[in-house]
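Undergrad: Coordinates in entry-v9.cif, mmCIF, C-alpha atoms and all ligand atoms, are listed below.
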```cif
data_run
loop_
_atom_site.group_PDB
_atom_site.id
_atom_site.type_symbol
_atom_site.label_atom_id
_atom_site.label_comp_id
_atom_site.auth_asym_id
_atom_site.auth_seq_id
_atom_site.Cartn_x
_atom_site.Cartn_y
_atom_site.Cartn_z
ATOM 1 C CA MET X 20 -10.712 -4.413 22.333
ATOM 2 C CA CYS X 21 -7.955 -5.964 20.209
ATOM 3 C CA LYS X 22 -6.658 -3.799 17.456
ATOM 4 C CA LYS X 23 -7.089 -4.828 13.841
ATOM 5 C CA VAL X 24 -4.218 -4.708 11.369
ATOM 6 C CA LEU X 25 -4.300 -3.832 7.667
ATOM 7 C CA ILE X 26 -2.256 -6.292 5.590
ATOM 8 C CA SER X 27 -1.276 -6.756 1.951
ATOM 9 C CA SER X 28 -3.406 -9.701 0.910
ATOM 10 C CA CYS X 29 -0.599 -11.331 -1.109
ATOM 11 C CA LEU X 30 1.206 -11.818 2.243
ATOM 12 C CA LEU X 31 -1.689 -14.041 3.321
ATOM 13 C CA GLY X 32 -1.268 -16.279 0.284
ATOM 14 C CA LYS X 33 -3.898 -14.704 -1.959
ATOM 15 C CA ASN X 34 -2.871 -15.023 -5.598
ATOM 16 C CA VAL X 35 -3.269 -11.334 -6.396
ATOM 17 C CA LYS X 36 0.226 -10.453 -7.633
ATOM 18 C CA TYR X 37 0.762 -9.193 -11.171
ATOM 19 C CA ASN X 38 1.873 -12.711 -12.150
ATOM 20 C CA GLY X 39 -1.025 -14.462 -10.426
ATOM 21 C CA LYS X 40 1.134 -15.642 -7.532
ATOM 22 C CA ASN X 41 1.486 -14.582 -3.885
ATOM 23 C CA ASN X 42 4.015 -13.644 -1.200
ATOM 24 C CA LEU X 43 2.751 -15.888 1.616
ATOM 25 C CA ILE X 44 4.287 -15.341 5.066
ATOM 26 C CA GLU X 45 4.743 -18.848 6.405
ATOM 27 C CA GLN X 46 4.660 -20.011 10.011
ATOM 28 C CA ASN X 47 4.766 -16.721 11.836
ATOM 29 C CA TYR X 48 3.310 -16.639 15.354
ATOM 30 C CA PHE X 49 2.033 -13.057 15.135
ATOM 31 C CA ILE X 50 0.319 -13.475 11.773
ATOM 32 C CA GLU X 51 -1.298 -16.744 12.878
ATOM 33 C CA LYS X 52 -2.512 -15.111 16.094
ATOM 34 C CA LEU X 53 -4.057 -12.200 14.188
ATOM 35 C CA LYS X 54 -5.575 -14.556 11.644
ATOM 36 C CA SER X 55 -7.169 -16.866 14.211
ATOM 37 C CA SER X 56 -8.590 -13.853 16.068
ATOM 38 C CA ASN X 57 -10.064 -12.316 12.895
ATOM 39 C CA LEU X 58 -7.967 -9.191 13.352
ATOM 40 C CA LEU X 59 -6.527 -8.967 9.844
ATOM 41 C CA ILE X 60 -8.051 -6.685 7.218
ATOM 42 C CA PRO X 61 -6.546 -7.732 3.859
ATOM 43 C CA VAL X 62 -6.313 -5.326 0.940
ATOM 44 C CA CYS X 63 -4.777 -5.515 -2.509
ATOM 45 C CA PRO X 64 -4.864 -1.945 -3.760
ATOM 46 C CA GLU X 65 -4.081 -2.888 -7.352
ATOM 47 C CA VAL X 66 -6.926 -5.389 -7.638
ATOM 48 C CA ASP X 67 -9.235 -3.261 -5.467
ATOM 49 C CA GLY X 68 -8.551 -0.417 -7.893
ATOM 50 C CA GLY X 69 -9.806 -2.519 -10.790
ATOM 51 C CA LEU X 70 -6.684 -4.088 -12.289
ATOM 52 C CA PRO X 71 -6.884 -7.736 -13.404
ATOM 53 C CA ILE X 72 -4.936 -10.825 -12.325
ATOM 54 C CA PRO X 73 -2.575 -11.398 -14.014
ATOM 55 C CA ARG X 74 -1.585 -7.902 -15.181
ATOM 56 C CA VAL X 75 1.340 -6.149 -16.783
ATOM 57 C CA PRO X 76 3.790 -5.148 -14.008
ATOM 58 C CA VAL X 77 3.862 -1.525 -12.899
ATOM 59 C CA GLU X 78 6.573 0.693 -11.459
ATOM 60 C CA ILE X 79 6.448 4.282 -10.229
ATOM 61 C CA LEU X 80 8.042 6.979 -12.366
ATOM 62 C CA LYS X 81 7.706 10.651 -11.457
ATOM 63 C CA GLU X 82 4.693 9.994 -9.181
ATOM 64 C CA ARG X 83 2.869 8.028 -11.873
ATOM 65 C CA ALA X 84 2.130 4.298 -11.960
ATOM 66 C CA LEU X 85 3.221 3.162 -15.414
ATOM 67 C CA ASN X 86 3.104 -0.413 -16.604
ATOM 68 C CA LYS X 87 5.803 -2.053 -18.652
ATOM 69 C CA ASN X 88 3.908 -1.149 -21.837
ATOM 70 C CA GLY X 89 3.948 2.522 -20.864
ATOM 71 C CA GLU X 90 0.251 2.653 -19.950
ATOM 72 C CA ASP X 91 -0.691 4.943 -17.060
ATOM 73 C CA LYS X 92 -2.433 3.057 -14.204
ATOM 74 C CA THR X 93 -2.224 5.869 -11.639
ATOM 75 C CA ARG X 94 -6.006 6.234 -11.467
ATOM 76 C CA GLU X 95 -6.473 2.554 -10.558
ATOM 77 C CA PHE X 96 -3.638 2.697 -8.013
ATOM 78 C CA LYS X 97 -5.170 5.749 -6.324
ATOM 79 C CA LYS X 98 -8.617 4.165 -6.294
ATOM 80 C CA GLY X 99 -7.163 1.112 -4.530
ATOM 81 C CA ALA X 100 -5.345 3.340 -2.044
ATOM 82 C CA LYS X 101 -8.596 5.112 -1.195
ATOM 83 C CA ILE X 102 -10.274 1.760 -0.566
ATOM 84 C CA ALA X 103 -7.435 0.904 1.839
ATOM 85 C CA LEU X 104 -8.092 4.198 3.631
ATOM 86 C CA GLU X 105 -11.791 3.387 3.909
ATOM 87 C CA ASN X 106 -10.849 0.094 5.570
ATOM 88 C CA ILE X 107 -8.575 2.013 7.944
ATOM 89 C CA SER X 108 -11.299 4.368 9.105
ATOM 90 C CA GLN X 109 -14.061 1.734 9.262
ATOM 91 C CA ASN X 110 -11.946 -0.547 11.459
ATOM 92 C CA ASP X 111 -10.106 2.074 13.551
ATOM 93 C CA ILE X 112 -6.777 0.716 12.324
ATOM 94 C CA LYS X 113 -3.486 2.157 13.571
ATOM 95 C CA MET X 114 -0.945 -0.141 11.894
ATOM 96 C CA ALA X 115 -0.325 -2.035 8.682
ATOM 97 C CA ILE X 116 1.882 -4.876 7.457
ATOM 98 C CA MET X 117 2.611 -4.244 3.808
ATOM 99 C CA LYS X 118 4.655 -5.940 1.088
ATOM 100 C CA SER X 119 8.043 -4.341 0.632
ATOM 101 C CA LYS X 120 9.182 -2.821 -2.690
ATOM 102 C CA SER X 121 5.715 -2.912 -4.288
ATOM 103 C CA PRO X 122 4.612 0.136 -6.327
ATOM 104 C CA SER X 123 1.456 0.127 -4.186
ATOM 105 C CA CYS X 124 2.448 -1.394 -0.842
ATOM 106 C CA GLY X 125 6.214 -0.726 -0.651
ATOM 107 C CA ARG X 126 7.487 1.514 2.157
ATOM 108 C CA ASP X 127 10.688 3.583 1.797
ATOM 109 C CA TRP X 128 12.033 1.588 -1.179
ATOM 110 C CA ILE X 129 10.463 0.970 -4.577
ATOM 111 C CA TYR X 130 11.711 0.112 -8.064
ATOM 112 C CA ASP X 131 12.749 3.098 -10.135
ATOM 113 C CA GLY X 132 10.473 2.772 -13.161
ATOM 114 C CA SER X 133 13.106 1.285 -15.468
ATOM 115 C CA PHE X 134 12.010 -2.354 -14.944
ATOM 116 C CA THR X 135 15.627 -3.283 -14.282
ATOM 117 C CA LYS X 136 15.146 -4.310 -10.605
ATOM 118 C CA THR X 137 16.778 -1.054 -9.516
ATOM 119 C CA LEU X 138 15.585 0.183 -6.122
ATOM 120 C CA ILE X 139 15.309 3.832 -5.152
ATOM 121 C CA GLN X 140 14.037 5.583 -2.043
ATOM 122 C CA GLY X 141 10.312 6.197 -2.205
ATOM 123 C CA ASP X 142 6.910 4.881 -1.246
ATOM 124 C CA GLY X 143 4.231 2.958 -3.092
ATOM 125 C CA ILE X 144 1.063 4.923 -3.786
ATOM 126 C CA THR X 145 -1.029 3.316 -1.033
ATOM 127 C CA ILE X 146 1.794 3.815 1.464
ATOM 128 C CA LYS X 147 1.832 7.533 0.712
ATOM 129 C CA PHE X 148 -1.856 7.690 1.615
ATOM 130 C CA LEU X 149 -1.316 5.633 4.799
ATOM 131 C CA LYS X 150 1.574 7.819 5.936
ATOM 132 C CA GLN X 151 -0.651 10.903 5.604
ATOM 133 C CA GLN X 152 -2.995 9.250 8.116
ATOM 134 C CA GLN X 153 -0.113 8.511 10.537
ATOM 135 C CA ILE X 154 -0.559 4.753 10.176
ATOM 136 C CA GLN X 155 2.441 2.819 11.500
ATOM 137 C CA ILE X 156 3.671 0.695 8.604
ATOM 138 C CA PHE X 157 5.767 -2.469 8.851
ATOM 139 C CA THR X 158 6.987 -4.726 6.073
ATOM 140 C CA GLU X 159 6.923 -8.519 6.058
ATOM 141 C CA GLU X 160 10.591 -8.322 7.107
ATOM 142 C CA GLU X 161 9.747 -6.476 10.356
ATOM 143 C CA LEU X 162 7.234 -8.798 12.000
ATOM 144 C CA ASP X 163 8.968 -8.827 15.395
ATOM 145 C CA ASP X 164 8.764 -5.032 15.547
ATOM 146 C CA ALA X 165 5.173 -5.182 14.307
ATOM 147 C CA TYR X 166 4.256 -7.573 17.129
ATOM 148 C CA LYS X 167 5.827 -5.309 19.752
ATOM 149 C CA PHE X 168 3.937 -2.305 18.379
ATOM 150 C CA TRP X 169 0.655 -4.231 18.299
ATOM 151 C CA LYS X 170 1.099 -5.396 21.892
ATOM 152 C CA ALA X 171 1.753 -1.808 22.970
ATOM 153 C CA LEU X 172 -1.480 -0.753 21.244
ATOM 154 C CA GLN X 173 -3.441 -3.270 23.333
ATOM 155 C CA VAL X 174 -2.059 -1.690 26.514
ATOM 156 C CA LEU X 175 -2.697 1.873 25.345
ATOM 157 C CA ASN X 176 -6.202 1.222 24.090
ATOM 158 C CA PRO X 177 -8.067 1.210 27.453
ATOM 159 C CA LEU X 178 -6.343 4.480 28.348
ATOM 160 C CA ILE X 179 -7.407 6.056 25.068
ATOM 161 C CA ASN X 180 -10.977 4.819 25.517
ATOM 162 C CA SER X 181 -11.265 6.170 29.048
ATOM 163 C CA SER X 182 -9.887 9.637 28.257
HETATM 164 S S1 LIG P 201 -0.761 -4.428 -4.577
HETATM 165 FE FE1 LIG P 201 0.038 -4.950 -2.557
HETATM 166 S S2 LIG P 201 -1.342 -6.612 -1.919
HETATM 167 FE FE2 LIG P 201 -1.598 -6.421 -4.113
HETATM 168 S S3 LIG P 201 -0.139 -7.893 -4.969
HETATM 169 FE FE3 LIG P 201 0.902 -5.908 -4.882
HETATM 170 S S4 LIG P 201 1.991 -5.943 -2.939
HETATM 171 FE FE4 LIG P 201 0.471 -7.546 -2.848
#
```
Spell out the structure here as structure tokens.
Ligand code: SF4

TA:
Amino acid sequence: MCKKVLISSCLLGKNVKYNGKNNLIEQNYFIEKLKSSNLLIPVCPEVDGGLPIPRVPVEILKERALNKNGEDKTREFKKGAKIALENISQNDIKMAIMKSKSPSCGRDWIYDGSFTKTLIQGDGITIKFLKQQQIQIFTEEELDDAYKFWKALQVLNPLINSS
């Protein structure tokens, strides 16, 4: 059985960003292959958590998701992260392709909460949840590595199923 992949829906061209736009990945063999085989499970944790499109941008400060007006959106961010986890368990997902630098979907680097485009080391709120589940996370800048990992999963899968 081919393995499904969780993906930030803005990377598929869905207009779910805070500004109503998207981060479409164009003309990538791996993404097109997954798409045509119905193996992508798109999530937008911010919208899934109940935030509107468009919305005031959010950054993470001291573990809280605060928007530019100082309003705390941590509850909505965590709700969206839990929905991503439900998708993970329902679809037996082992890997994700997530938008870099996002306060929800960013892995390893996020903006520092000052709204000055300053990056610091850290994870978006959904990524923290995914890491706790040992999900392998790639960004849209690591699609070659993501493809190699996905191909390895296809080889491993029959072994896992027969053990
Ligand atoms: S929460 Fe994730 S999927 Fe939604 S717009 Fe932000 S980066 Fe994209």

Undergrad: Check the smallest atom-to-atom distance from each of X:Lys54, X:Lys87, X:Lys36, X:Lys120 to ligand LIG 201 (chain P) using all atoms listed in the file, then report the winner.

TA: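 Closest candidate: X:Lys36.
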
Undergrad: In terms of the shortest atom-to-atom distance over only C-alpha atoms and all ligand atoms, which of X:Leu43, X:Val62, X:Ala100, X:Leu80 is closest to ligand LIG 201 (chain P)?

TA: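 Among the listed residues, the smallest separation from ligand LIG 201 (chain P) belongs to X:Val62.
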
Undergrad: Find the residues around Ala165 of chain X up to 10 Å (only C-alpha atoms counted), leave out those fewer than 4 positions away in its own chain, and share them as a list in words.

TA: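 Here the qualifying residues turn out to be Val24, Phe49, Ile50, Met114, Ala115, Ile116, Gln155, Ile156, Phe157, Thr158, Glu159, Glu160, Glu161, Trp169, Lys170 and Ala171 of chain X.
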
Undergrad: Kindly indicate which residue among X:Lys23, X:Glu82, X:Ser108, X:Asp164 lies nearest to Lys52 of chain X, using all atoms listed in the file for the distances.

TA: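 Nearest candidate to Lys52 of chain X out of X:Lys23, X:Glu82, X:Ser108, X:Asp164: X:Lys23.
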
Undergrad: Could you list, as a compact mmCIF listing (two decimals) with C-alpha atoms, in the coordinates of the input, every residue matched by the PyMOL selection byres (((chain X and resi 70-78) around 12) and not hetatm) in this structure?

TA:
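Result saved to out_38.txt:
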```txt
# COMPACT_ATOMS: atom_id res chain seq x y z
CA LYS X 33 -3.90 -14.70 -1.96
CA ASN X 34 -2.87 -15.02 -5.60
CA VAL X 35 -3.27 -11.33 -6.40
CA LYS X 36 0.23 -10.45 -7.63
CA TYR X 37 0.76 -9.19 -11.17
CA ASN X 38 1.87 -12.71 -12.15
CA GLY X 39 -1.02 -14.46 -10.43
CA LYS X 40 1.13 -15.64 -7.53
CA ASN X 41 1.49 -14.58 -3.88
CA CYS X 63 -4.78 -5.52 -2.51
CA PRO X 64 -4.86 -1.94 -3.76
CA GLU X 65 -4.08 -2.89 -7.35
CA VAL X 66 -6.93 -5.39 -7.64
CA ASP X 67 -9.24 -3.26 -5.47
CA GLY X 68 -8.55 -0.42 -7.89
CA GLY X 69 -9.81 -2.52 -10.79
CA ILE X 79 6.45 4.28 -10.23
CA LEU X 80 8.04 6.98 -12.37
CA LYS X 81 7.71 10.65 -11.46
CA GLU X 82 4.69 9.99 -9.18
CA ARG X 83 2.87 8.03 -11.87
CA ALA X 84 2.13 4.30 -11.96
CA LEU X 85 3.22 3.16 -15.41
CA ASN X 86 3.10 -0.41 -16.60
CA LYS X 87 5.80 -2.05 -18.65
CA ASN X 88 3.91 -1.15 -21.84
CA GLY X 89 3.95 2.52 -20.86
CA GLU X 90 0.25 2.65 -19.95
CA ASP X 91 -0.69 4.94 -17.06
CA LYS X 92 -2.43 3.06 -14.20
CA THR X 93 -2.22 5.87 -11.64
CA ARG X 94 -6.01 6.23 -11.47
CA GLU X 95 -6.47 2.55 -10.56
CA PHE X 96 -3.64 2.70 -8.01
CA LYS X 97 -5.17 5.75 -6.32
CA LYS X 98 -8.62 4.16 -6.29
CA GLY X 99 -7.16 1.11 -4.53
CA LYS X 120 9.18 -2.82 -2.69
CA SER X 121 5.72 -2.91 -4.29
CA PRO X 122 4.61 0.14 -6.33
CA SER X 123 1.46 0.13 -4.19
CA CYS X 124 2.45 -1.39 -0.84
CA GLY X 125 6.21 -0.73 -0.65
CA TRP X 128 12.03 1.59 -1.18
CA ILE X 129 10.46 0.97 -4.58
CA TYR X 130 11.71 0.11 -8.06
CA ASP X 131 12.75 3.10 -10.14
CA GLY X 132 10.47 2.77 -13.16
CA SER X 133 13.11 1.28 -15.47
CA PHE X 134 12.01 -2.35 -14.94
CA THR X 135 15.63 -3.28 -14.28
CA LYS X 136 15.15 -4.31 -10.60
CA THR X 137 16.78 -1.05 -9.52
CA LEU X 138 15.58 0.18 -6.12
CA ILE X 139 15.31 3.83 -5.15
CA GLY X 141 10.31 6.20 -2.20
CA ASP X 142 6.91 4.88 -1.25
CA GLY X 143 4.23 2.96 -3.09
CA ILE X 144 1.06 4.92 -3.79
```

Undergrad: Please, what distance in Å, to one decimal, runs between atom CA of Leu59 of chain X and atom CA of Thr145 of chain X?

TA: 17.3 Å

Undergrad: For Asp111 of chain X, list every protein, DNA or RNA residue within 12 Å, evaluated using all atoms listed in the file, and leave out those in the same chain fewer than 6 positions away; present the list as number ranges by chain.

TA: X: 20-25, 58, 60, 104-105, 152, 154, 172, 176

Undergrad: Let me make sure I understand: among X:Ile44, X:Met117, X:Leu53, X:Ile102, which one has the smallest atom-to-atom distance to ligand LIG 201 (chain P) if we use all atoms listed in the file?

TA: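 Once distances to ligand LIG 201 (chain P) are computed over all atoms listed in the file, the minimum belongs to X:Met117.
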
Undergrad: Taking into account only C-alpha atoms and all ligand atoms, which residue in the set X:Gln151, X:Gln109, X:Gln140, X:Ser27 is nearest to ligand LIG 201 (chain P)?

TA: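 When distances to ligand LIG 201 (chain P) are compared using only C-alpha atoms and all ligand atoms, the smallest one comes from X:Ser27.
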
Undergrad: So, with all atoms listed in the file as the atoms that count, which of X:Asn57, X:Asn110, X:Asn47, X:Arg126 lies closest to ligand LIG 201 (chain P)?

TA: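 The closest residue to ligand LIG 201 (chain P) is X:Arg126.
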
Undergrad: Kindly give the distance, in Å, that separates atom CA of Asn42 of chain X and atom CA of Cys29 of chain X, rounded to a single decimal.

TA: 5.2 Å
